[in-house]
$ cat entry_37.pdb   # PDB, C-alpha atoms and all ligand atoms
MODEL        1
ATOM      1  CA  MET A 284    -113.424   5.839 -26.935
ATOM      2  CA  LYS A 285    -114.592   6.232 -23.386
ATOM      3  CA  ALA A 286    -111.460   8.063 -22.266
ATOM      4  CA  CYS A 287    -111.761  10.933 -24.739
ATOM      5  CA  GLY A 288    -115.472  10.892 -25.520
ATOM      6  CA  CYS A 289    -114.675  10.991 -29.224
ATOM      7  CA  GLU A 290    -115.183   8.819 -32.259
ATOM      8  CA  PRO A 291    -112.092   6.697 -32.976
ATOM      9  CA  ALA A 292    -110.384   7.628 -36.240
ATOM     10  CA  THR A 293    -109.601   3.981 -36.933
ATOM     11  CA  THR A 294    -110.425   0.429 -35.932
ATOM     12  CA  PHE A 295    -107.899  -1.985 -34.502
ATOM     13  CA  GLU A 296    -108.362  -4.261 -37.509
ATOM     14  CA  SER A 297    -107.446  -1.544 -40.009
ATOM     15  CA  ILE A 298    -104.089  -0.699 -38.402
ATOM     16  CA  ILE A 299    -101.122  -2.136 -40.293
ATOM     17  CA  TRP A 300     -98.321  -3.261 -37.974
ATOM     18  CA  ARG A 301     -94.672  -3.278 -38.962
ATOM     19  CA  GLN A 302     -91.610  -4.286 -37.006
ATOM     20  CA  GLY A 303     -88.771  -1.781 -37.181
ATOM     21  CA  PRO A 304     -85.011  -2.260 -36.645
ATOM     22  CA  TYR A 305     -84.040  -3.781 -33.275
ATOM     23  CA  ASP A 306     -82.871  -0.727 -31.322
ATOM     24  CA  GLY A 307     -84.885   1.983 -33.022
ATOM     25  CA  PHE A 308     -85.034   4.012 -36.179
ATOM     26  CA  TYR A 309     -85.081   7.555 -37.451
ATOM     27  CA  CYS A 310     -88.159   9.744 -37.256
ATOM     28  CA  ALA A 311     -88.431  13.515 -37.529
ATOM     29  CA  GLU A 312     -89.634  14.016 -33.955
ATOM     30  CA  MET A 313     -87.098  11.847 -32.138
ATOM     31  CA  GLY A 314     -84.120  11.564 -34.504
ATOM     32  CA  ASP A 315     -82.474   8.139 -34.335
ATOM     33  CA  ALA A 316     -84.102   7.393 -30.969
ATOM     34  CA  CYS A 317     -87.513   6.563 -32.376
ATOM     35  CA  VAL A 318     -88.883   3.248 -31.053
ATOM     36  CA  GLY A 319     -92.455   3.642 -32.267
ATOM     37  CA  GLN A 320     -94.235   5.666 -34.908
ATOM     38  CA  TRP A 321     -97.741   5.943 -36.279
ATOM     39  CA  LEU A 322     -97.986   6.850 -39.960
ATOM     40  CA  SER A 323    -101.231   8.642 -40.716
ATOM     41  CA  ALA A 324    -103.846   7.761 -43.311
ATOM     42  CA  PRO A 325    -103.824   6.426 -45.919
ATOM     43  CA  SER A 326    -101.058   4.166 -44.599
ATOM     44  CA  ASN A 327    -102.419   3.990 -41.022
ATOM     45  CA  THR A 328     -99.344   1.994 -40.078
ATOM     46  CA  ILE A 329     -97.685   1.561 -36.702
ATOM     47  CA  VAL A 330     -93.969   0.787 -36.728
ATOM     48  CA  ILE A 331     -92.427  -0.522 -33.498
ATOM     49  CA  ALA A 332     -88.705  -1.201 -33.056
ATOM     50  CA  LYS A 333     -88.148  -4.941 -32.573
ATOM     51  CA  ARG A 334     -86.780  -4.590 -29.042
ATOM     52  CA  TRP A 335     -89.909  -2.660 -28.002
ATOM     53  CA  MET A 336     -92.527  -4.901 -29.567
ATOM     54  CA  ASP A 337     -93.613  -6.244 -26.155
ATOM     55  CA  ASP A 338     -93.507  -2.866 -24.425
ATOM     56  CA  SER A 339     -97.153  -2.087 -23.760
ATOM     57  CA  HIS A 340     -96.462   1.592 -23.106
ATOM     58  CA  THR A 341     -94.952   2.077 -26.558
ATOM     59  CA  VAL A 342     -97.656   0.058 -28.299
ATOM     60  CA  LYS A 343    -100.483   1.871 -26.477
ATOM     61  CA  HIS A 344     -98.907   5.250 -27.218
ATOM     62  CA  GLU A 345     -98.847   4.556 -30.944
ATOM     63  CA  MET A 346    -102.354   3.064 -30.870
ATOM     64  CA  LEU A 347    -103.614   6.251 -29.229
ATOM     65  CA  HIS A 348    -102.172   8.249 -32.136
ATOM     66  CA  ALA A 349    -104.074   5.996 -34.538
ATOM     67  CA  ILE A 350    -107.314   6.177 -32.526
ATOM     68  CA  LEU A 351    -107.154   9.965 -32.353
ATOM     69  CA  GLY A 352    -106.009  10.258 -35.975
ATOM     70  CA  ARG A 353    -103.364  12.826 -35.068
ATOM     71  CA  GLY A 354     -99.621  12.800 -34.689
ATOM     72  CA  ASP A 355     -99.293  15.376 -31.924
ATOM     73  CA  HIS A 356     -99.761  14.814 -28.191
ATOM     74  CA  PRO A 357    -102.950  16.416 -26.844
ATOM     75  CA  PRO A 358    -103.575  16.260 -23.046
ATOM     76  CA  ILE A 359    -105.205  12.822 -23.217
ATOM     77  CA  PHE A 360    -101.722  11.312 -23.588
ATOM     78  CA  ARG A 361    -100.836  12.657 -20.123
ATOM     79  CA  ARG A 362    -104.188  11.662 -18.641
ATOM     80  CA  LEU A 363    -103.603   8.065 -19.754
ATOM     81  CA  LEU A 364     -99.937   8.169 -18.633
ATOM     82  CA  LEU A 365     -98.855   7.626 -22.232
ATOM     83  CA  ALA A 366     -97.022  10.904 -22.731
ATOM     84  CA  ASP A 367     -93.545   9.573 -23.521
ATOM     85  CA  ARG A 368     -92.431   7.830 -26.761
TER      86      ARG A 368
HETATM   87 ZN    ZN B   1     -96.239  10.140 -29.963
ENDMDL
END

$ encode --input "entry_37.pdb" --output "structure tokens" --more "lines below"
Ligand SMILES: [Zn+2]
Amino acid sequence: MKACGCEPATTFESIIWRQGPYDGFYCAEMGDACVGQWLSAPSNTIVIAKRWMDDSHTVKHEMLHAILGRGDHPPIFRRLLLADR
């Protein structure tokens, strides 16, 4: 990835995409307000709440988790203006 100068932890083709409940779902970090979540290997799955499926910010945020292979939010999230979600 050009933005981080690192090797991506995944390829786009290997990410499994799942649609979550319409308004959001529970996750440990956000409680019931979760609209997107990346589940680490071996599942390598991104879940997006149905209402947010077309929200590029949410989708890019979760893809960045998958690319980095980590669930936390290092500074690159801020640099790419993808800090929230
Ligand atoms: Zn996140």

$ residues_near_ligand --input "entry_37.pdb" --ligand "ligand ZN 1 (chain B)" --cutoff "12 Å" --atoms "only C-alpha atoms and all ligand atoms" --output "ChimeraX atom specification"
/A:310-313,317-323,329-331,340-349,351-361,365-368

$ write_last_selection --input "entry_37.pdb" --atoms "C-alpha atoms" --output "PDB file, in the frame of the given file"
ATOM      1  CA  CYS A 310     -88.159   9.744 -37.256  1.00  0.00           C
ATOM      2  CA  ALA A 311     -88.431  13.515 -37.529  1.00  0.00           C
ATOM      3  CA  GLU A 312     -89.634  14.016 -33.955  1.00  0.00           C
ATOM      4  CA  MET A 313     -87.098  11.847 -32.138  1.00  0.00           C
ATOM      5  CA  CYS A 317     -87.513   6.563 -32.376  1.00  0.00           C
ATOM      6  CA  VAL A 318     -88.883   3.248 -31.053  1.00  0.00           C
ATOM      7  CA  GLY A 319     -92.455   3.642 -32.267  1.00  0.00           C
ATOM      8  CA  GLN A 320     -94.235   5.666 -34.908  1.00  0.00           C
ATOM      9  CA  TRP A 321     -97.741   5.943 -36.279  1.00  0.00           C
ATOM     10  CA  LEU A 322     -97.986   6.850 -39.960  1.00  0.00           C
ATOM     11  CA  SER A 323    -101.231   8.642 -40.716  1.00  0.00           C
ATOM     12  CA  ILE A 329     -97.685   1.561 -36.702  1.00  0.00           C
ATOM     13  CA  VAL A 330     -93.969   0.787 -36.728  1.00  0.00           C
ATOM     14  CA  ILE A 331     -92.427  -0.522 -33.498  1.00  0.00           C
ATOM     15  CA  HIS A 340     -96.462   1.592 -23.106  1.00  0.00           C
ATOM     16  CA  THR A 341     -94.952   2.077 -26.558  1.00  0.00           C
ATOM     17  CA  VAL A 342     -97.656   0.058 -28.299  1.00  0.00           C
ATOM     18  CA  LYS A 343    -100.483   1.871 -26.477  1.00  0.00           C
ATOM     19  CA  HIS A 344     -98.907   5.250 -27.218  1.00  0.00           C
ATOM     20  CA  GLU A 345     -98.847   4.556 -30.944  1.00  0.00           C
ATOM     21  CA  MET A 346    -102.354   3.064 -30.870  1.00  0.00           C
ATOM     22  CA  LEU A 347    -103.614   6.251 -29.229  1.00  0.00           C
ATOM     23  CA  HIS A 348    -102.172   8.249 -32.136  1.00  0.00           C
ATOM     24  CA  ALA A 349    -104.074   5.996 -34.538  1.00  0.00           C
ATOM     25  CA  LEU A 351    -107.154   9.965 -32.353  1.00  0.00           C
ATOM     26  CA  GLY A 352    -106.009  10.258 -35.975  1.00  0.00           C
ATOM     27  CA  ARG A 353    -103.364  12.826 -35.068  1.00  0.00           C
ATOM     28  CA  GLY A 354     -99.621  12.800 -34.689  1.00  0.00           C
ATOM     29  CA  ASP A 355     -99.293  15.376 -31.924  1.00  0.00           C
ATOM     30  CA  HIS A 356     -99.761  14.814 -28.191  1.00  0.00           C
ATOM     31  CA  PRO A 357    -102.950  16.416 -26.844  1.00  0.00           C
ATOM     32  CA  PRO A 358    -103.575  16.260 -23.046  1.00  0.00           C
ATOM     33  CA  ILE A 359    -105.205  12.822 -23.217  1.00  0.00           C
ATOM     34  CA  PHE A 360    -101.722  11.312 -23.588  1.00  0.00           C
ATOM     35  CA  ARG A 361    -100.836  12.657 -20.123  1.00  0.00           C
ATOM     36  CA  LEU A 365     -98.855   7.626 -22.232  1.00  0.00           C
ATOM     37  CA  ALA A 366     -97.022  10.904 -22.731  1.00  0.00           C
ATOM     38  CA  ASP A 367     -93.545   9.573 -23.521  1.00  0.00           C
ATOM     39  CA  ARG A 368     -92.431   7.830 -26.761  1.00  0.00           C
TER      40      ARG A 368
END

$ atom_distance --input "entry_37.pdb" --atom1 "CA of Glu296 in chain A" --atom2 "CA of Tyr309 in chain A"
26.1 Å

$ residues_around --input "entry_37.pdb" --residues "Tyr305 in chain A" --least-positions-apart "4" --cutoff "8 Å" --atoms "all atoms listed in the file" --output "list of chain:residue names"
A:Ala332, A:Lys333, A:Arg334, A:Trp335

$ axis_aligned_box --input "entry_37.pdb" --around "range 310-321 of chain A" --padding-each-side "5 Å" --output "AutoDock Vina command-line options"
--center_x -90.1 --center_y 8.6 --center_z -34.2 --size_x 25.3 --size_y 20.8 --size_z 16.6

$ resolve_selection --input "entry_37.pdb" --expression "the PyMOL selection byres (((chain A and resi 299) around 8) and not hetatm)" --output "PyMOL selection string"
chain A and resi 297-298+300-301+326-329

$ atom_distance --input "entry_37.pdb" --atom1 "CA of Ile350 in chain A" --atom2 "CA of Arg362 in chain A"
15.3 Å

$ atom_distance --input "entry_37.pdb" --atom1 "CA of Ala292 in chain A" --atom2 "CA of Ser339 in chain A"
20.6 Å

$ build_atoms --input "entry_37.pdb" --residues "range 336-350 of chain A" --atoms "N, CA and C atoms" --output "CSV table (one decimal), in the frame of the given file"
chain,number,residue,atom,x,y,z
A,336,MET,N,-91.3,-4.3,-29.1
A,336,MET,CA,-92.5,-4.9,-29.6
A,336,MET,C,-93.4,-5.3,-28.4
A,337,ASP,N,-92.8,-5.8,-27.3
A,337,ASP,CA,-93.6,-6.2,-26.2
A,337,ASP,C,-93.8,-5.2,-25.1
A,338,ASP,N,-93.4,-3.9,-25.4
A,338,ASP,CA,-93.5,-2.9,-24.4
A,338,ASP,C,-94.9,-2.2,-24.6
A,339,SER,N,-95.8,-2.5,-23.6
A,339,SER,CA,-97.2,-2.1,-23.8
A,339,SER,C,-97.3,-0.6,-23.8
A,340,HIS,N,-96.4,0.1,-23.1
A,340,HIS,CA,-96.5,1.6,-23.1
A,340,HIS,C,-96.3,2.1,-24.5
A,341,THR,N,-95.2,1.6,-25.2
A,341,THR,CA,-95.0,2.1,-26.6
A,341,THR,C,-96.1,1.7,-27.5
A,342,VAL,N,-96.6,0.5,-27.4
A,342,VAL,CA,-97.7,0.1,-28.3
A,342,VAL,C,-98.9,0.9,-28.1
A,343,LYS,N,-99.3,1.1,-26.8
A,343,LYS,CA,-100.5,1.9,-26.5
A,343,LYS,C,-100.3,3.3,-26.9
A,344,HIS,N,-99.1,3.9,-26.8
A,344,HIS,CA,-98.9,5.2,-27.2
A,344,HIS,C,-99.2,5.4,-28.7
A,345,GLU,N,-98.6,4.5,-29.5
A,345,GLU,CA,-98.8,4.6,-30.9
A,345,GLU,C,-100.3,4.3,-31.3
A,346,MET,N,-100.9,3.3,-30.6
A,346,MET,CA,-102.4,3.1,-30.9
A,346,MET,C,-103.2,4.3,-30.6
A,347,LEU,N,-102.8,5.0,-29.5
A,347,LEU,CA,-103.6,6.3,-29.2
A,347,LEU,C,-103.5,7.3,-30.4
A,348,HIS,N,-102.3,7.4,-31.0
A,348,HIS,CA,-102.2,8.2,-32.1
A,348,HIS,C,-103.2,7.8,-33.2
A,349,ALA,N,-103.2,6.5,-33.5
A,349,ALA,CA,-104.1,6.0,-34.5
A,349,ALA,C,-105.5,6.2,-34.2
A,350,ILE,N,-105.9,6.0,-32.9
A,350,ILE,CA,-107.3,6.2,-32.5
A,350,ILE,C,-107.7,7.6,-32.7
